[in-house]
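Everything below concerns the one structure shown next.
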Amino acid sequence: MFLAINEMKKEKLRYGLVIGVILLVAYLIFILSALAAGLSSQNTAAVDSWQAKSVVMSKDANGNLAQSLIKESDLPEKQAKDTDLVGLAQGIIKNDQDRQSATYIGTKAQSNLKQSIKLTAGRTYHDSNEVVLSNKLEAQGFKLNQKIKIGMSDQEFTVVGFAKNAVYNMAPVVYGDLSNWAGIKGVGNQFAGSGLISKEQLKAGNDNLQSYDKQELFNKMPGYSAQNQTFLFMIAFLIVISVVIVAIFLYILTVQKLENLAVLRAQGIPSAYLIKNTLGQTVLMMVLAVVLGAVLAAGTALAIPASAPILFDPKLMVVTGLALIITGIIGAIIPMRIIAKIDPVTVIGG
Amino acid sequence: MKGLTLEKVNKVFGSGLNQVQALKDVDFEAKEGELTLILGPSGSGKSTLLTILGGLQQPTSGTVLVNGKRLDSMQGKAADAFRLSNIGFVLQSYNLVPYLSVEDQFVLVDKVKKEGNLDKKTFDEYIDRLGIKRLLHKFPGELSGGQSQRVAIARALYADPEFILADEPTAALDSNRVKEVAQLFKDIAEKSGKAVVVVTHDLRLKEQADKIYHLIDGQISIEQ
């Protein structure tokens, strides 16, 4: 690292620019990763908070829980352990001034799911005319003790609490009693609910039902897979771009100092020493760029409004950062090959 | 015998119509304790001879002996280790690492060759004689051509090699410095028992030389 560090100290502008470009790529990757994670969590946050492992719903719903209708007669006689019957209804909630799209999730009074709701204000619902709203709706002007109407139902509900991580398929969640679900959804009383949510791997039980694990449930959400694949493609493409950028920069920097390296080789400095320096320099540049990129991304996280769907997951950032450093090392392969093949005779002539 | 010896060395580049014979049946000897000059015009094969002496390339035929042992079969890491410990190269250009201060040029040698480098007293003596003591904190870009060449000579000496191979070491020096450097090479050869080989067309070095070879069109002859 002796050569690497001294070169970077002497050529501050040159290496500063290289690090700056990689930093911007790293920053963009961090922001896109956080945006992908944030948007993904807008689909999955509620289900994740339930700690659900599998969902059983009507076969006709094709994996879309909000479209599922389970008849009373299709429900198993004995409900499995750690399993809750829920009713989902997508609709508009309205108070005197505001109207918002939301997903009503009805639960039974003693359900595990109800107990997993994490409140940020107020209390949980006890009566059938009480609801807990996603705290996203609080930010949009809904208040405690306010009277609201939901979906097809004319019934008035009182907001008694706000909950975090209460988002399902991009829409804020309204938690309430299962007994209201059919009225809100506008379906007959022959339907018991939308699905069975379980912390275990449930089986369908009969031909009218189908079981999905949690990831299958997410993948079946409208737009979820397309959105994730788009982000994954963009991030993967940026990582490929970062490999190319690092490779081009290191190639140019190596070619520019080829004569000096050849002289060092002539003097008996082993190729391995020069390669290690190039590798060390690459890792140092990548680490600096990734750390600065992460700091910049963290600064952005503090600056942007809370409503923006961005989720900075430290684990994801570490994995992304490591991936970038590894791509840097891949980008250093060509310059390292050049160094390994330097012929000292070229600078001496003859 | 201590020293560098070439026996019937030939070097051919290319093939067919493009074939060039750079060295023809070269017999050469540089003994320890002697300053040996190889004089010749551009294109005469001087640099080829120097690279073969330094183990940087192999002859097409013939034998290269270092202290009686064959060097021409040495390759890869063994050749690197041999050059690092035994050969001090002084080249015409690109001698110094541009982003290392003069002092760090020597530190680099310490980093790679941990033992057997010059002790402080001898090093101080050399850099004093070469007039580079006050340049230790400067970078190559801040040095004149002559200063760079003197630093390069010091660096080649720093690893305390058995053999010094210099390619036009006085090209950038004024007459006074040429005399000083020639005398330094002579002293290094005599007092330290090293074999110093200088490839040059600078006739001002002849005065200090123990042995002079002339190389013309790849053919070598010794000056009597």
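Numbering starts fresh at 1 for the residues of each chain in the structure tokens, the chains themselves are lettered A, B, ... in the order given, and ligands are numbered from 1 as they appear.
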With only C-alpha atoms as the counted atoms, please give the residues lying no more than 7 Å from range 151-159 of chain B, apart from itself and same-chain residues fewer than 6 positions off, as an MDAnalysis selection string. chainID B and resid 85 88:90 95:96 105:106 109 116:118 123 126:127 132
Using only C-alpha atoms, find each residue of chain A with at least one atom at most 8 Å away from an atom of chain B; report its shortest atom-to-atom pair and that distance in Å (one decimal), sort the rows by chain and rising residue number, and return the result as a Markdown table.
```
| residue | atom | partner | partner_atom | distance |
| --- | --- | --- | --- | --- |
| A:Phe2 | CA | B:Leu108 | CA | 7.6 |
| A:Leu3 | CA | B:Leu100 | CA | 7.8 |
| A:Asn6 | CA | B:Tyr99 | CA | 6.4 |
| A:Glu7 | CA | B:Tyr99 | CA | 5.2 |
| A:Lys10 | CA | B:Tyr99 | CA | 5.7 |
| A:Glu11 | CA | B:Tyr99 | CA | 7.5 |
| A:Glu259 | CA | B:Tyr94 | CA | 6.3 |
| A:Asn260 | CA | B:Tyr94 | CA | 5.6 |
| A:Val263 | CA | B:Asn95 | CA | 6.4 |
| A:Arg265 | CA | B:Asp80 | CA | 7.6 |
| A:Ala266 | CA | B:Leu56 | CA | 6.9 |
| A:Gln267 | CA | B:Leu84 | CA | 5.8 |
| A:Gly268 | CA | B:Leu84 | CA | 4.2 |
| A:Ile269 | CA | B:Leu84 | CA | 6.6 |
| A:Pro270 | CA | B:Asp80 | CA | 6.0 |
| A:Tyr273 | CA | B:Val112 | CA | 7.8 |
| A:Pro344 | CA | B:Leu56 | CA | 6.9 |
| A:Val345 | CA | B:Leu56 | CA | 6.4 |
| A:Ile348 | CA | B:Ser47 | CA | 6.6 |
| A:Gly349 | CA | B:Ser47 | CA | 5.9 |
| A:Gly350 | CA | B:Thr48 | CA | 4.0 |
```
Could you give me, as a PyMOL selection string, each residue of range 4-82 of chain B that DSSP assigns to helix (DSSP H, G or I) when run on this structure's backbone? chain B and resi 16-18+46-53+76-82
Can you pull out the residues contacting Lys149 in chain A? Cut-off 12 Å, using only C-alpha atoms, and skip same-chain residues under 4 positions away; I want them as a JSON list (two decimals) with N, CA and C atoms, in the first residue's frame.
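What landed in selection-v2.json:
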```json
[["chain", "number", "residue", "atom", "x", "y", "z"],
["A", 91, "GLY", "N", -61.05, 0.38, -0.38],
["A", 91, "GLY", "CA", -62.09, 1.37, -0.56],
["A", 91, "GLY", "C", -61.61, 2.75, -0.17],
["A", 92, "ILE", "N", -62.54, 3.67, -0.15],
["A", 92, "ILE", "CA", -62.20, 5.06, 0.19],
["A", 92, "ILE", "C", -62.64, 5.31, 1.63],
["A", 93, "ILE", "N", -61.76, 5.94, 2.40],
["A", 93, "ILE", "CA", -62.20, 6.39, 3.72],
["A", 93, "ILE", "C", -62.37, 7.91, 3.64],
["A", 94, "LYS", "N", -63.40, 8.37, 4.34],
["A", 94, "LYS", "CA", -63.67, 9.81, 4.23],
["A", 94, "LYS", "C", -64.09, 10.38, 5.59],
["A", 95, "ASN", "N", -63.56, 11.57, 5.85],
["A", 95, "ASN", "CA", -64.08, 12.34, 6.99],
["A", 95, "ASN", "C", -64.78, 13.56, 6.37],
["A", 96, "ASP", "N", -64.94, 14.60, 7.15],
["A", 96, "ASP", "CA", -65.68, 15.75, 6.63],
["A", 96, "ASP", "C", -64.97, 16.40, 5.44],
["A", 97, "GLN", "N", -63.62, 16.42, 5.53],
["A", 97, "GLN", "CA", -62.89, 17.12, 4.46],
["A", 97, "GLN", "C", -62.18, 16.18, 3.47],
["A", 98, "ASP", "N", -61.57, 15.12, 4.01],
["A", 98, "ASP", "CA", -60.64, 14.34, 3.19],
["A", 98, "ASP", "C", -61.21, 13.01, 2.72],
["A", 99, "ARG", "N", -60.67, 12.57, 1.60],
["A", 99, "ARG", "CA", -60.96, 11.23, 1.10],
["A", 99, "ARG", "C", -59.64, 10.58, 0.73],
["A", 100, "GLN", "N", -59.47, 9.35, 1.16],
["A", 100, "GLN", "CA", -58.21, 8.66, 0.87],
["A", 100, "GLN", "C", -58.49, 7.21, 0.53],
["A", 101, "SER", "N", -57.70, 6.67, -0.41],
["A", 101, "SER", "CA", -57.79, 5.24, -0.69],
["A", 101, "SER", "C", -57.15, 4.49, 0.48],
["A", 102, "ALA", "N", -57.74, 3.38, 0.85],
["A", 102, "ALA", "CA", -57.19, 2.61, 1.97],
["A", 102, "ALA", "C", -57.63, 1.16, 1.84],
["A", 104, "TYR", "N", -59.14, -1.77, 4.18],
["A", 104, "TYR", "CA", -59.70, -2.13, 5.48],
["A", 104, "TYR", "C", -59.32, -3.57, 5.76],
["A", 129, "ASN", "N", -67.41, -0.41, 16.14],
["A", 129, "ASN", "CA", -67.46, 0.89, 15.46],
["A", 129, "ASN", "C", -66.16, 1.69, 15.67],
["A", 130, "GLU", "N", -65.12, 1.00, 16.13],
["A", 130, "GLU", "CA", -63.83, 1.68, 16.34],
["A", 130, "GLU", "C", -62.80, 1.15, 15.33],
["A", 131, "VAL", "N", -61.92, 2.04, 14.89],
["A", 131, "VAL", "CA", -60.86, 1.61, 13.95],
["A", 131, "VAL", "C", -59.52, 2.23, 14.33],
["A", 142, "PHE", "N", -55.96, 12.93, 9.14],
["A", 142, "PHE", "CA", -56.94, 12.21, 9.98],
["A", 142, "PHE", "C", -56.51, 12.30, 11.44],
["A", 153, "SER", "N", -69.91, 0.94, 3.19],
["A", 153, "SER", "CA", -70.70, 0.97, 4.42],
["A", 153, "SER", "C", -71.12, 2.40, 4.77],
["A", 154, "ASP", "N", -72.33, 2.53, 5.26],
["A", 154, "ASP", "CA", -72.79, 3.85, 5.73],
["A", 154, "ASP", "C", -72.48, 4.06, 7.20],
["A", 155, "GLN", "N", -71.95, 3.02, 7.82],
["A", 155, "GLN", "CA", -71.66, 3.09, 9.25],
["A", 155, "GLN", "C", -70.55, 4.11, 9.52],
["A", 156, "GLU", "N", -70.68, 4.80, 10.65],
["A", 156, "GLU", "CA", -69.61, 5.72, 11.07],
["A", 156, "GLU", "C", -68.68, 5.00, 12.03],
["A", 157, "PHE", "N", -67.39, 5.22, 11.84],
["A", 157, "PHE", "CA", -66.38, 4.61, 12.72],
["A", 157, "PHE", "C", -65.62, 5.72, 13.43],
["A", 158, "THR", "N", -65.19, 5.42, 14.64],
["A", 158, "THR", "CA", -64.39, 6.39, 15.39],
["A", 158, "THR", "C", -62.93, 5.96, 15.34],
["A", 159, "VAL", "N", -62.08, 6.91, 15.01],
["A", 159, "VAL", "CA", -60.63, 6.63, 14.98],
["A", 159, "VAL", "C", -60.14, 6.63, 16.43],
["A", 174, "VAL", "N", -56.55, 0.33, 7.34],
["A", 174, "VAL", "CA", -57.48, 0.66, 8.42],
["A", 174, "VAL", "C", -57.82, -0.66, 9.12],
["A", 180, "ASN", "N", -67.49, -5.93, 10.46],
["A", 180, "ASN", "CA", -67.84, -4.83, 9.57],
["A", 180, "ASN", "C", -67.42, -5.08, 8.11],
["A", 183, "GLY", "N", -69.89, -5.53, 5.04],
["A", 183, "GLY", "CA", -70.59, -4.29, 4.73],
["A", 183, "GLY", "C", -69.70, -3.30, 4.00],
["A", 184, "ILE", "N", -68.47, -3.20, 4.43],
["A", 184, "ILE", "CA", -67.51, -2.27, 3.80],
["A", 184, "ILE", "C", -67.19, -2.73, 2.38]]
```
Need the shell around Ala171 in chain B: protein/DNA/RNA residues with any atom at most 12 Å away, counting only C-alpha atoms. Skip same-chain ones fewer than 5 positions apart. Format as a PyMOL selection string? chain B and resi 90-93+145-150+166+177-178+181+198-205
Fewer than 4 positions away in the same chain doesn't count, so skip those; otherwise give me all residues within 12 Å of Asn219 in chain A, counting only C-alpha atoms, as a list in words. Ser40, Asn43, Thr44, Asn62, Gly63, Asn64, Leu65, Asn169, Tyr212, Asp213, Lys214, Gln215, Gly223, Tyr224, Ser225, Ala226, Gln227, Asn228 and Gln229 of chain A
Tell me, in Å to one decimal, how far CA of Leu53 in chain B is from CA of Leu165 in chain B. 8.1 Å
